[in-house]
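Visitor: Starting off with a structure, shown below.
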There are 2 protein chains.
Amino acid sequence: MEDCIFCKIVRNEIPSKKVYEDPDAVAFLDINPANPGHCLVVSKRHYESITDVDDADLKKMIAIVKVMAKRIKTSLNADGINVLQNNGRHAGQIVNHIHFHVIPRFPNDNVIITYQKVNVPNLDEIQKKLSSTGASSGYEWGTRI
Amino acid sequence: MEDCIFCKIVRNEIPSKKVYEDPDAVAFLDINPANPGHCLVVSKRHYESITDVDDADLKKMIAIVKVMAKRIKTSLNADGINVLQNNGRHAGQIVNHIHFHVIPRFPNDNVIITYQKVNVPNLDEIQKKLSSTGASSGYEWGTRI
């Protein structure tokens, strides 16, 4: 995508602090870090979100998330790590190119991830809706993917 | 793990609202949902976190996260989806069995994911630390994984 900021980073058209790169994906330091070492794992191919990403590229990305999590834990002595992947404006996605945040966590840091438990009166109905495969999922209950 | 609550759910020793199951993994509705349809994707094998999970099981889990995200979007008309995976107490991990939250998002819901940008004066040093492969990562810069 010509105007996508992450595609431009992939093509080295704008600078970034890369910490991992291979033929399929890249990781670089987030320009607005929640903590030192906060980085983004990005597929080199442009996808908008987790619902349209190719399975092979998605699996590749999560393997790199694991690599970065291990490096963060080892090199920065992080107490914890959040892996966060936002899809859509109402989920906080700002750049419409699929990416995983890998966020080092420390005691008393400034990251807030919270919600109030909601009451869901129709649990069985929700379960039924989400158990159905639907036309677009491509998977059946009980099959190995 | 005998006393792990998610292992007990996997073995059907305690009830859950399952929405996906195959030989390797399971997804079920979160008992403390942030929104209706909030579910957890769990490996059937016990791992504590993203740094010790087997790569094949991790890749399998993220493929199921994608399946659930598509079902949520299609069946519940969610405007967005957060994928969240917490590692360690300071990152908000409560059950020490690796899991992905798949959280449907709606306008003006009760989910808060936020942080203040921190100033990182030593960006080059952080970059250097995270670019080094270290003994445990098993991957080299520039190689395909």
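In the structure tokens, each chain is lettered A, B, ... as it comes, each chain's residues begin at 1, and ligands are numbered from 1 in order of appearance.
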Apply DSSP to the backbone of this structure and, from region 12-83 of chain A, keep only the residues in strand (DSSP E); write these as a ChimeraX atom specification.
Guide: /A:18-21,25-29,39-43,80-83
Visitor: Among the residues of chain A, find those DSSP assigns to helix (DSSP H, G or I) from the backbone and print them as a PDB file with N, CA, C and O atoms, in the first residue's frame.
Guide:
```pdb
ATOM      1  N   ILE A   5       1.786   3.792   6.484  1.00  0.00           N
ATOM      2  CA  ILE A   5       3.016   4.164   7.193  1.00  0.00           C
ATOM      3  C   ILE A   5       3.868   2.934   7.526  1.00  0.00           C
ATOM      4  O   ILE A   5       5.107   3.003   7.501  1.00  0.00           O
ATOM      5  N   PHE A   6       3.222   1.811   7.820  1.00  0.00           N
ATOM      6  CA  PHE A   6       4.012   0.607   8.136  1.00  0.00           C
ATOM      7  C   PHE A   6       4.628   0.001   6.873  1.00  0.00           C
ATOM      8  O   PHE A   6       5.745  -0.533   6.924  1.00  0.00           O
ATOM      9  N   CYS A   7       3.912   0.087   5.759  1.00  0.00           N
ATOM     10  CA  CYS A   7       4.514  -0.350   4.489  1.00  0.00           C
ATOM     11  C   CYS A   7       5.735   0.508   4.161  1.00  0.00           C
ATOM     12  O   CYS A   7       6.742   0.010   3.653  1.00  0.00           O
ATOM     13  N   LYS A   8       5.652   1.793   4.488  1.00  0.00           N
ATOM     14  CA  LYS A   8       6.801   2.685   4.241  1.00  0.00           C
ATOM     15  C   LYS A   8       7.980   2.319   5.135  1.00  0.00           C
ATOM     16  O   LYS A   8       9.140   2.385   4.718  1.00  0.00           O
ATOM     17  N   ILE A   9       7.684   1.937   6.381  1.00  0.00           N
ATOM     18  CA  ILE A   9       8.757   1.480   7.284  1.00  0.00           C
ATOM     19  C   ILE A   9       9.365   0.188   6.747  1.00  0.00           C
ATOM     20  O   ILE A   9      10.593   0.033   6.725  1.00  0.00           O
ATOM     21  N   VAL A  10       8.513  -0.724   6.281  1.00  0.00           N
ATOM     22  CA  VAL A  10       9.004  -1.980   5.709  1.00  0.00           C
ATOM     23  C   VAL A  10       9.956  -1.688   4.546  1.00  0.00           C
ATOM     24  O   VAL A  10      11.020  -2.301   4.420  1.00  0.00           O
ATOM     25  N   ASP A  55      -3.094 -16.893   6.887  1.00  0.00           N
ATOM     26  CA  ASP A  55      -2.743 -17.726   8.053  1.00  0.00           C
ATOM     27  C   ASP A  55      -1.232 -17.892   8.213  1.00  0.00           C
ATOM     28  O   ASP A  55      -0.712 -17.833   9.333  1.00  0.00           O
ATOM     29  N   ALA A  56      -0.530 -18.102   7.123  1.00  0.00           N
ATOM     30  CA  ALA A  56       0.923 -18.322   7.222  1.00  0.00           C
ATOM     31  C   ALA A  56       1.616 -17.066   7.750  1.00  0.00           C
ATOM     32  O   ALA A  56       2.518 -17.149   8.600  1.00  0.00           O
ATOM     33  N   ASP A  57       1.184 -15.908   7.279  1.00  0.00           N
ATOM     34  CA  ASP A  57       1.796 -14.659   7.768  1.00  0.00           C
ATOM     35  C   ASP A  57       1.435 -14.405   9.228  1.00  0.00           C
ATOM     36  O   ASP A  57       2.257 -13.922  10.004  1.00  0.00           O
ATOM     37  N   LEU A  58       0.200 -14.747   9.612  1.00  0.00           N
ATOM     38  CA  LEU A  58      -0.211 -14.587  11.009  1.00  0.00           C
ATOM     39  C   LEU A  58       0.627 -15.467  11.932  1.00  0.00           C
ATOM     40  O   LEU A  58       1.121 -15.023  12.981  1.00  0.00           O
ATOM     41  N   LYS A  59       0.814 -16.713  11.531  1.00  0.00           N
ATOM     42  CA  LYS A  59       1.604 -17.647  12.348  1.00  0.00           C
ATOM     43  C   LYS A  59       3.054 -17.188  12.432  1.00  0.00           C
ATOM     44  O   LYS A  59       3.698 -17.310  13.484  1.00  0.00           O
ATOM     45  N   LYS A  60       3.549 -16.689  11.322  1.00  0.00           N
ATOM     46  CA  LYS A  60       4.906 -16.150  11.322  1.00  0.00           C
ATOM     47  C   LYS A  60       5.034 -14.993  12.315  1.00  0.00           C
ATOM     48  O   LYS A  60       6.002 -14.907  13.089  1.00  0.00           O
ATOM     49  N   MET A  61       4.047 -14.091  12.290  1.00  0.00           N
ATOM     50  CA  MET A  61       4.095 -12.929  13.177  1.00  0.00           C
ATOM     51  C   MET A  61       4.111 -13.345  14.645  1.00  0.00           C
ATOM     52  O   MET A  61       4.863 -12.807  15.447  1.00  0.00           O
ATOM     53  N   ILE A  62       3.275 -14.321  15.009  1.00  0.00           N
ATOM     54  CA  ILE A  62       3.203 -14.677  16.429  1.00  0.00           C
ATOM     55  C   ILE A  62       4.490 -15.374  16.878  1.00  0.00           C
ATOM     56  O   ILE A  62       4.901 -15.242  18.040  1.00  0.00           O
ATOM     57  N   ALA A  63       5.149 -16.076  15.954  1.00  0.00           N
ATOM     58  CA  ALA A  63       6.448 -16.674  16.304  1.00  0.00           C
ATOM     59  C   ALA A  63       7.473 -15.571  16.583  1.00  0.00           C
ATOM     60  O   ALA A  63       8.314 -15.706  17.482  1.00  0.00           O
ATOM     61  N   ILE A  64       7.380 -14.486  15.839  1.00  0.00           N
ATOM     62  CA  ILE A  64       8.312 -13.366  16.070  1.00  0.00           C
ATOM     63  C   ILE A  64       7.942 -12.623  17.354  1.00  0.00           C
ATOM     64  O   ILE A  64       8.811 -12.143  18.077  1.00  0.00           O
ATOM     65  N   VAL A  65       6.651 -12.537  17.651  1.00  0.00           N
ATOM     66  CA  VAL A  65       6.233 -11.976  18.943  1.00  0.00           C
ATOM     67  C   VAL A  65       6.907 -12.744  20.077  1.00  0.00           C
ATOM     68  O   VAL A  65       7.422 -12.161  21.039  1.00  0.00           O
ATOM     69  N   LYS A  66       6.917 -14.063  19.961  1.00  0.00           N
ATOM     70  CA  LYS A  66       7.570 -14.887  20.987  1.00  0.00           C
ATOM     71  C   LYS A  66       9.065 -14.594  21.071  1.00  0.00           C
ATOM     72  O   LYS A  66       9.620 -14.466  22.168  1.00  0.00           O
ATOM     73  N   VAL A  67       9.707 -14.469  19.925  1.00  0.00           N
ATOM     74  CA  VAL A  67      11.140 -14.121  19.904  1.00  0.00           C
ATOM     75  C   VAL A  67      11.369 -12.801  20.634  1.00  0.00           C
ATOM     76  O   VAL A  67      12.251 -12.689  21.495  1.00  0.00           O
ATOM     77  N   MET A  68      10.543 -11.808  20.315  1.00  0.00           N
ATOM     78  CA  MET A  68      10.729 -10.491  20.936  1.00  0.00           C
ATOM     79  C   MET A  68      10.415 -10.536  22.428  1.00  0.00           C
ATOM     80  O   MET A  68      11.084  -9.884  23.235  1.00  0.00           O
ATOM     81  N   ALA A  69       9.409 -11.315  22.804  1.00  0.00           N
ATOM     82  CA  ALA A  69       9.075 -11.443  24.231  1.00  0.00           C
ATOM     83  C   ALA A  69      10.250 -12.043  24.999  1.00  0.00           C
ATOM     84  O   ALA A  69      10.583 -11.584  26.105  1.00  0.00           O
ATOM     85  N   LYS A  70      10.883 -13.034  24.428  1.00  0.00           N
ATOM     86  CA  LYS A  70      12.037 -13.651  25.089  1.00  0.00           C
ATOM     87  C   LYS A  70      13.199 -12.663  25.195  1.00  0.00           C
ATOM     88  O   LYS A  70      13.862 -12.567  26.234  1.00  0.00           O
ATOM     89  N   ARG A  71      13.421 -11.912  24.126  1.00  0.00           N
ATOM     90  CA  ARG A  71      14.509 -10.925  24.167  1.00  0.00           C
ATOM     91  C   ARG A  71      14.219  -9.844  25.206  1.00  0.00           C
ATOM     92  O   ARG A  71      15.115  -9.398  25.928  1.00  0.00           O
ATOM     93  N   ILE A  72      12.969  -9.391  25.251  1.00  0.00           N
ATOM     94  CA  ILE A  72      12.593  -8.351  26.219  1.00  0.00           C
ATOM     95  C   ILE A  72      12.792  -8.862  27.642  1.00  0.00           C
ATOM     96  O   ILE A  72      13.334  -8.168  28.496  1.00  0.00           O
ATOM     97  N   LYS A  73      12.359 -10.095  27.882  1.00  0.00           N
ATOM     98  CA  LYS A  73      12.480 -10.653  29.222  1.00  0.00           C
ATOM     99  C   LYS A  73      13.953 -10.793  29.613  1.00  0.00           C
ATOM    100  O   LYS A  73      14.349 -10.462  30.733  1.00  0.00           O
ATOM    101  N   THR A  74      14.755 -11.258  28.676  1.00  0.00           N
ATOM    102  CA  THR A  74      16.170 -11.504  28.956  1.00  0.00           C
ATOM    103  C   THR A  74      16.964 -10.202  29.037  1.00  0.00           C
ATOM    104  O   THR A  74      17.743 -10.000  29.982  1.00  0.00           O
ATOM    105  N   SER A  75      16.752  -9.321  28.067  1.00  0.00           N
ATOM    106  CA  SER A  75      17.627  -8.152  27.939  1.00  0.00           C
ATOM    107  C   SER A  75      17.190  -6.971  28.790  1.00  0.00           C
ATOM    108  O   SER A  75      18.005  -6.131  29.158  1.00  0.00           O
ATOM    109  N   LEU A  76      15.894  -6.877  29.070  1.00  0.00           N
ATOM    110  CA  LEU A  76      15.394  -5.697  29.776  1.00  0.00           C
ATOM    111  C   LEU A  76      14.857  -6.038  31.158  1.00  0.00           C
ATOM    112  O   LEU A  76      14.360  -5.164  31.867  1.00  0.00           O
ATOM    113  N   ARG A  89     -11.187   0.743  14.674  1.00  0.00           N
ATOM    114  CA  ARG A  89     -11.062   2.008  15.392  1.00  0.00           C
ATOM    115  C   ARG A  89     -11.555   1.906  16.826  1.00  0.00           C
ATOM    116  O   ARG A  89     -10.927   2.417  17.750  1.00  0.00           O
ATOM    117  N   HIS A  90     -12.665   1.208  17.029  1.00  0.00           N
ATOM    118  CA  HIS A  90     -13.209   1.096  18.381  1.00  0.00           C
ATOM    119  C   HIS A  90     -12.396   0.163  19.268  1.00  0.00           C
ATOM    120  O   HIS A  90     -12.651   0.050  20.461  1.00  0.00           O
ATOM    121  N   ALA A  91     -11.441  -0.530  18.690  1.00  0.00           N
ATOM    122  CA  ALA A  91     -10.530  -1.350  19.482  1.00  0.00           C
ATOM    123  C   ALA A  91      -9.188  -0.648  19.664  1.00  0.00           C
ATOM    124  O   ALA A  91      -8.265  -1.215  20.243  1.00  0.00           O
ATOM    125  N   LEU A 123     -26.133 -16.195  27.706  1.00  0.00           N
ATOM    126  CA  LEU A 123     -24.871 -16.903  27.471  1.00  0.00           C
ATOM    127  C   LEU A 123     -25.017 -18.063  26.492  1.00  0.00           C
ATOM    128  O   LEU A 123     -24.152 -18.275  25.632  1.00  0.00           O
ATOM    129  N   ASP A 124     -26.115 -18.823  26.625  1.00  0.00           N
ATOM    130  CA  ASP A 124     -26.291 -19.985  25.752  1.00  0.00           C
ATOM    131  C   ASP A 124     -26.440 -19.559  24.295  1.00  0.00           C
ATOM    132  O   ASP A 124     -25.950 -20.223  23.390  1.00  0.00           O
ATOM    133  N   GLU A 125     -27.120 -18.429  24.098  1.00  0.00           N
ATOM    134  CA  GLU A 125     -27.302 -17.936  22.735  1.00  0.00           C
ATOM    135  C   GLU A 125     -25.962 -17.482  22.152  1.00  0.00           C
ATOM    136  O   GLU A 125     -25.647 -17.750  20.981  1.00  0.00           O
ATOM    137  N   ILE A 126     -25.180 -16.757  22.973  1.00  0.00           N
ATOM    138  CA  ILE A 126     -23.847 -16.317  22.520  1.00  0.00           C
ATOM    139  C   ILE A 126     -22.992 -17.543  22.184  1.00  0.00           C
ATOM    140  O   ILE A 126     -22.318 -17.583  21.151  1.00  0.00           O
ATOM    141  N   GLN A 127     -23.053 -18.547  23.076  1.00  0.00           N
ATOM    142  CA  GLN A 127     -22.273 -19.767  22.833  1.00  0.00           C
ATOM    143  C   GLN A 127     -22.671 -20.409  21.506  1.00  0.00           C
ATOM    144  O   GLN A 127     -21.809 -20.806  20.715  1.00  0.00           O
ATOM    145  N   LYS A 128     -23.964 -20.460  21.266  1.00  0.00           N
ATOM    146  CA  LYS A 128     -24.453 -21.077  20.030  1.00  0.00           C
ATOM    147  C   LYS A 128     -23.973 -20.288  18.804  1.00  0.00           C
ATOM    148  O   LYS A 128     -23.512 -20.862  17.820  1.00  0.00           O
ATOM    149  N   LYS A 129     -24.087 -18.969  18.886  1.00  0.00           N
ATOM    150  CA  LYS A 129     -23.664 -18.134  17.750  1.00  0.00           C
ATOM    151  C   LYS A 129     -22.176 -18.312  17.446  1.00  0.00           C
ATOM    152  O   LYS A 129     -21.775 -18.345  16.298  1.00  0.00           O
ATOM    153  N   LEU A 130     -21.373 -18.382  18.503  1.00  0.00           N
ATOM    154  CA  LEU A 130     -19.922 -18.462  18.278  1.00  0.00           C
ATOM    155  C   LEU A 130     -19.460 -19.881  17.975  1.00  0.00           C
ATOM    156  O   LEU A 130     -18.368 -20.078  17.460  1.00  0.00           O
ATOM    157  N   SER A 131     -20.284 -20.865  18.291  1.00  0.00           N
ATOM    158  CA  SER A 131     -19.908 -22.248  17.994  1.00  0.00           C
ATOM    159  C   SER A 131     -20.186 -22.595  16.544  1.00  0.00           C
ATOM    160  O   SER A 131     -19.549 -23.473  15.978  1.00  0.00           O
ATOM    161  N   GLY A 134     -20.285 -20.832  10.461  1.00  0.00           N
ATOM    162  CA  GLY A 134     -20.564 -19.752   9.529  1.00  0.00           C
ATOM    163  C   GLY A 134     -19.887 -20.013   8.194  1.00  0.00           C
ATOM    164  O   GLY A 134     -19.010 -20.870   8.076  1.00  0.00           O
ATOM    165  N   ALA A 135     -20.266 -19.270   7.219  1.00  0.00           N
ATOM    166  CA  ALA A 135     -19.768 -19.525   5.866  1.00  0.00           C
ATOM    167  C   ALA A 135     -18.310 -19.123   5.712  1.00  0.00           C
ATOM    168  O   ALA A 135     -17.591 -19.680   4.906  1.00  0.00           O
ATOM    169  N   SER A 136     -17.863 -18.166   6.520  1.00  0.00           N
ATOM    170  CA  SER A 136     -16.559 -17.566   6.225  1.00  0.00           C
ATOM    171  C   SER A 136     -15.414 -18.145   7.035  1.00  0.00           C
ATOM    172  O   SER A 136     -14.264 -17.843   6.766  1.00  0.00           O
ATOM    173  N   SER A 137     -15.707 -18.974   8.037  1.00  0.00           N
ATOM    174  CA  SER A 137     -14.604 -19.363   8.915  1.00  0.00           C
ATOM    175  C   SER A 137     -13.707 -20.432   8.281  1.00  0.00           C
ATOM    176  O   SER A 137     -12.503 -20.430   8.479  1.00  0.00           O
TER     177      SER A 137
END
```
Visitor: Can you superpose chain B onto chain A by least squares over all C-alpha atoms paired in order and give the moved copy as a PDB file with C-alpha atoms, in the first residue's frame?
Guide:
```
ATOM      1  CA  MET B   1      -0.039  -0.009   0.034  1.00  0.00           C
ATOM      2  CA  GLU B   2       1.563   3.166  -1.151  1.00  0.00           C
ATOM      3  CA  ASP B   3       0.424   5.462   1.642  1.00  0.00           C
ATOM      4  CA  CYS B   4       0.525   3.007   4.565  1.00  0.00           C
ATOM      5  CA  ILE B   5       3.016   4.165   7.186  1.00  0.00           C
ATOM      6  CA  PHE B   6       4.010   0.605   8.138  1.00  0.00           C
ATOM      7  CA  CYS B   7       4.508  -0.348   4.482  1.00  0.00           C
ATOM      8  CA  LYS B   8       6.796   2.691   4.238  1.00  0.00           C
ATOM      9  CA  ILE B   9       8.764   1.480   7.275  1.00  0.00           C
ATOM     10  CA  VAL B  10       9.012  -1.989   5.711  1.00  0.00           C
ATOM     11  CA  ARG B  11      10.400  -0.395   2.525  1.00  0.00           C
ATOM     12  CA  ASN B  12      12.774   1.827   4.572  1.00  0.00           C
ATOM     13  CA  GLU B  13      11.161   4.936   3.108  1.00  0.00           C
ATOM     14  CA  ILE B  14      10.780   6.380   6.599  1.00  0.00           C
ATOM     15  CA  PRO B  15      13.162   5.711   9.470  1.00  0.00           C
ATOM     16  CA  SER B  16      12.488   3.291  12.297  1.00  0.00           C
ATOM     17  CA  LYS B  17      14.419   1.508  15.023  1.00  0.00           C
ATOM     18  CA  LYS B  18      14.265  -2.041  13.705  1.00  0.00           C
ATOM     19  CA  VAL B  19      15.044  -4.873  16.098  1.00  0.00           C
ATOM     20  CA  TYR B  20      14.160  -7.846  13.918  1.00  0.00           C
ATOM     21  CA  GLU B  21      13.868  -8.409  10.193  1.00  0.00           C
ATOM     22  CA  ASP B  22      13.474 -11.360   7.888  1.00  0.00           C
ATOM     23  CA  PRO B  23      11.959 -11.804   4.411  1.00  0.00           C
ATOM     24  CA  ASP B  24       8.398 -11.925   5.762  1.00  0.00           C
ATOM     25  CA  ALA B  25       8.180  -9.618   8.750  1.00  0.00           C
ATOM     26  CA  VAL B  26       9.829  -6.899  10.756  1.00  0.00           C
ATOM     27  CA  ALA B  27       9.840  -5.666  14.345  1.00  0.00           C
ATOM     28  CA  PHE B  28      10.676  -2.099  15.369  1.00  0.00           C
ATOM     29  CA  LEU B  29      10.439   0.082  18.460  1.00  0.00           C
ATOM     30  CA  ASP B  30       7.057   1.792  18.907  1.00  0.00           C
ATOM     31  CA  ILE B  31       7.392   5.543  18.427  1.00  0.00           C
ATOM     32  CA  ASN B  32       4.937   6.052  21.327  1.00  0.00           C
ATOM     33  CA  PRO B  33       6.182   3.459  23.795  1.00  0.00           C
ATOM     34  CA  ALA B  34       4.252   2.454  26.896  1.00  0.00           C
ATOM     35  CA  ASN B  35       7.562   1.280  28.365  1.00  0.00           C
ATOM     36  CA  PRO B  36      11.157   1.050  27.139  1.00  0.00           C
ATOM     37  CA  GLY B  37      11.387  -1.859  24.692  1.00  0.00           C
ATOM     38  CA  HIS B  38       7.753  -1.623  23.541  1.00  0.00           C
ATOM     39  CA  CYS B  39       7.937  -2.877  19.970  1.00  0.00           C
ATOM     40  CA  LEU B  40       5.632  -3.743  17.090  1.00  0.00           C
ATOM     41  CA  VAL B  41       5.711  -6.899  15.018  1.00  0.00           C
ATOM     42  CA  VAL B  42       4.514  -6.216  11.478  1.00  0.00           C
ATOM     43  CA  SER B  43       3.961  -8.418   8.449  1.00  0.00           C
ATOM     44  CA  LYS B  44       5.794  -7.164   5.371  1.00  0.00           C
ATOM     45  CA  ARG B  45       2.664  -7.832   3.331  1.00  0.00           C
ATOM     46  CA  HIS B  46      -0.204  -5.419   3.873  1.00  0.00           C
ATOM     47  CA  TYR B  47      -3.271  -6.738   5.677  1.00  0.00           C
ATOM     48  CA  GLU B  48      -5.705  -4.633   7.597  1.00  0.00           C
ATOM     49  CA  SER B  49      -6.526  -6.871  10.537  1.00  0.00           C
ATOM     50  CA  ILE B  50      -6.641 -10.351  12.015  1.00  0.00           C
ATOM     51  CA  THR B  51      -9.732 -11.213  10.026  1.00  0.00           C
ATOM     52  CA  ASP B  52      -8.091 -10.720   6.615  1.00  0.00           C
ATOM     53  CA  VAL B  53      -4.472 -11.709   7.285  1.00  0.00           C
ATOM     54  CA  ASP B  54      -3.135 -14.811   5.567  1.00  0.00           C
ATOM     55  CA  ASP B  55      -2.768 -17.715   8.045  1.00  0.00           C
ATOM     56  CA  ALA B  56       0.894 -18.308   7.202  1.00  0.00           C
ATOM     57  CA  ASP B  57       1.770 -14.655   7.761  1.00  0.00           C
ATOM     58  CA  LEU B  58      -0.225 -14.573  10.997  1.00  0.00           C
ATOM     59  CA  LYS B  59       1.587 -17.637  12.329  1.00  0.00           C
ATOM     60  CA  LYS B  60       4.882 -16.142  11.310  1.00  0.00           C
ATOM     61  CA  MET B  61       4.081 -12.925  13.167  1.00  0.00           C
ATOM     62  CA  ILE B  62       3.194 -14.673  16.419  1.00  0.00           C
ATOM     63  CA  ALA B  63       6.437 -16.671  16.288  1.00  0.00           C
ATOM     64  CA  ILE B  64       8.306 -13.366  16.064  1.00  0.00           C
ATOM     65  CA  VAL B  65       6.230 -11.974  18.943  1.00  0.00           C
ATOM     66  CA  LYS B  66       7.561 -14.896  20.977  1.00  0.00           C
ATOM     67  CA  VAL B  67      11.132 -14.129  19.889  1.00  0.00           C
ATOM     68  CA  MET B  68      10.713 -10.500  20.925  1.00  0.00           C
ATOM     69  CA  ALA B  69       9.063 -11.461  24.226  1.00  0.00           C
ATOM     70  CA  LYS B  70      12.034 -13.671  25.074  1.00  0.00           C
ATOM     71  CA  ARG B  71      14.509 -10.932  24.159  1.00  0.00           C
ATOM     72  CA  ILE B  72      12.589  -8.373  26.220  1.00  0.00           C
ATOM     73  CA  LYS B  73      12.471 -10.677  29.220  1.00  0.00           C
ATOM     74  CA  THR B  74      16.165 -11.535  28.946  1.00  0.00           C
ATOM     75  CA  SER B  75      17.615  -8.175  27.929  1.00  0.00           C
ATOM     76  CA  LEU B  76      15.390  -5.720  29.785  1.00  0.00           C
ATOM     77  CA  ASN B  77      14.479  -7.778  32.851  1.00  0.00           C
ATOM     78  CA  ALA B  78      10.774  -7.143  32.328  1.00  0.00           C
ATOM     79  CA  ASP B  79       8.493  -8.567  35.004  1.00  0.00           C
ATOM     80  CA  GLY B  80       5.737  -9.251  32.517  1.00  0.00           C
ATOM     81  CA  ILE B  81       4.712  -8.799  28.909  1.00  0.00           C
ATOM     82  CA  ASN B  82       1.432  -7.852  27.268  1.00  0.00           C
ATOM     83  CA  VAL B  83       0.826  -8.938  23.713  1.00  0.00           C
ATOM     84  CA  LEU B  84      -1.866  -6.717  22.232  1.00  0.00           C
ATOM     85  CA  GLN B  85      -3.343  -6.708  18.756  1.00  0.00           C
ATOM     86  CA  ASN B  86      -6.070  -4.160  18.000  1.00  0.00           C
ATOM     87  CA  ASN B  87      -8.555  -4.451  15.162  1.00  0.00           C
ATOM     88  CA  GLY B  88     -10.769  -1.539  14.182  1.00  0.00           C
ATOM     89  CA  ARG B  89     -11.067   2.026  15.390  1.00  0.00           C
ATOM     90  CA  HIS B  90     -13.222   1.113  18.389  1.00  0.00           C
ATOM     91  CA  ALA B  91     -10.534  -1.334  19.494  1.00  0.00           C
ATOM     92  CA  GLY B  92      -7.860   1.370  19.345  1.00  0.00           C
ATOM     93  CA  GLN B  93      -6.297   0.470  15.997  1.00  0.00           C
ATOM     94  CA  ILE B  94      -4.636   3.597  14.604  1.00  0.00           C
ATOM     95  CA  VAL B  95      -2.549   2.242  11.711  1.00  0.00           C
ATOM     96  CA  ASN B  96      -4.618  -0.011   9.459  1.00  0.00           C
ATOM     97  CA  HIS B  97      -1.834  -2.510   8.840  1.00  0.00           C
ATOM     98  CA  ILE B  98      -1.952  -5.579  11.098  1.00  0.00           C
ATOM     99  CA  HIS B  99       0.517  -5.392  13.972  1.00  0.00           C
ATOM    100  CA  PHE B 100       1.178  -6.910  17.375  1.00  0.00           C
ATOM    101  CA  HIS B 101       2.263  -4.739  20.283  1.00  0.00           C
ATOM    102  CA  VAL B 102       4.810  -6.438  22.535  1.00  0.00           C
ATOM    103  CA  ILE B 103       4.768  -4.391  25.734  1.00  0.00           C
ATOM    104  CA  PRO B 104       7.279  -4.967  28.544  1.00  0.00           C
ATOM    105  CA  ARG B 105       5.647  -4.568  31.962  1.00  0.00           C
ATOM    106  CA  PHE B 106       7.133  -3.406  35.240  1.00  0.00           C
ATOM    107  CA  PRO B 107       5.649  -2.900  38.705  1.00  0.00           C
ATOM    108  CA  ASN B 108       3.785   0.417  39.013  1.00  0.00           C
ATOM    109  CA  ASP B 109       4.174   1.346  35.350  1.00  0.00           C
ATOM    110  CA  ASN B 110       1.721   3.498  33.414  1.00  0.00           C
ATOM    111  CA  VAL B 111      -0.133   0.825  31.437  1.00  0.00           C
ATOM    112  CA  ILE B 112      -3.830   0.404  32.185  1.00  0.00           C
ATOM    113  CA  ILE B 113      -5.719  -2.542  30.764  1.00  0.00           C
ATOM    114  CA  THR B 114      -9.021  -2.933  32.534  1.00  0.00           C
ATOM    115  CA  TYR B 115     -12.749  -3.445  32.186  1.00  0.00           C
ATOM    116  CA  GLN B 116     -15.786  -3.997  34.330  1.00  0.00           C
ATOM    117  CA  LYS B 117     -17.277  -7.442  33.987  1.00  0.00           C
ATOM    118  CA  VAL B 118     -20.513  -7.143  32.017  1.00  0.00           C
ATOM    119  CA  ASN B 119     -23.610  -9.192  32.695  1.00  0.00           C
ATOM    120  CA  VAL B 120     -24.480 -11.418  29.740  1.00  0.00           C
ATOM    121  CA  PRO B 121     -27.988 -12.795  30.309  1.00  0.00           C
ATOM    122  CA  ASN B 122     -28.086 -14.848  27.106  1.00  0.00           C
ATOM    123  CA  LEU B 123     -24.872 -16.882  27.483  1.00  0.00           C
ATOM    124  CA  ASP B 124     -26.302 -19.950  25.753  1.00  0.00           C
ATOM    125  CA  GLU B 125     -27.319 -17.898  22.738  1.00  0.00           C
ATOM    126  CA  ILE B 126     -23.851 -16.290  22.538  1.00  0.00           C
ATOM    127  CA  GLN B 127     -22.282 -19.732  22.836  1.00  0.00           C
ATOM    128  CA  LYS B 128     -24.480 -21.045  20.032  1.00  0.00           C
ATOM    129  CA  LYS B 129     -23.685 -18.105  17.765  1.00  0.00           C
ATOM    130  CA  LEU B 130     -19.917 -18.436  18.278  1.00  0.00           C
ATOM    131  CA  SER B 131     -19.914 -22.222  17.998  1.00  0.00           C
ATOM    132  CA  SER B 132     -21.436 -22.179  14.536  1.00  0.00           C
ATOM    133  CA  THR B 133     -18.771 -22.148  11.897  1.00  0.00           C
ATOM    134  CA  GLY B 134     -20.469 -19.763   9.513  1.00  0.00           C
ATOM    135  CA  ALA B 135     -19.675 -19.584   5.836  1.00  0.00           C
ATOM    136  CA  SER B 136     -16.448 -17.658   6.156  1.00  0.00           C
ATOM    137  CA  SER B 137     -14.504 -19.429   8.879  1.00  0.00           C
ATOM    138  CA  GLY B 138     -13.357 -22.409   6.875  1.00  0.00           C
ATOM    139  CA  TYR B 139     -13.064 -24.570   9.964  1.00  0.00           C
ATOM    140  CA  GLU B 140     -15.417 -27.066  11.564  1.00  0.00           C
ATOM    141  CA  TRP B 141     -15.821 -27.828  15.228  1.00  0.00           C
ATOM    142  CA  GLY B 142     -13.555 -30.678  16.147  1.00  0.00           C
ATOM    143  CA  THR B 143     -11.296 -30.670  13.117  1.00  0.00           C
ATOM    144  CA  ARG B 144      -7.585 -30.067  13.356  1.00  0.00           C
ATOM    145  CA  ILE B 145      -6.388 -26.856  11.740  1.00  0.00           C
TER     146      ILE B 145
END
```
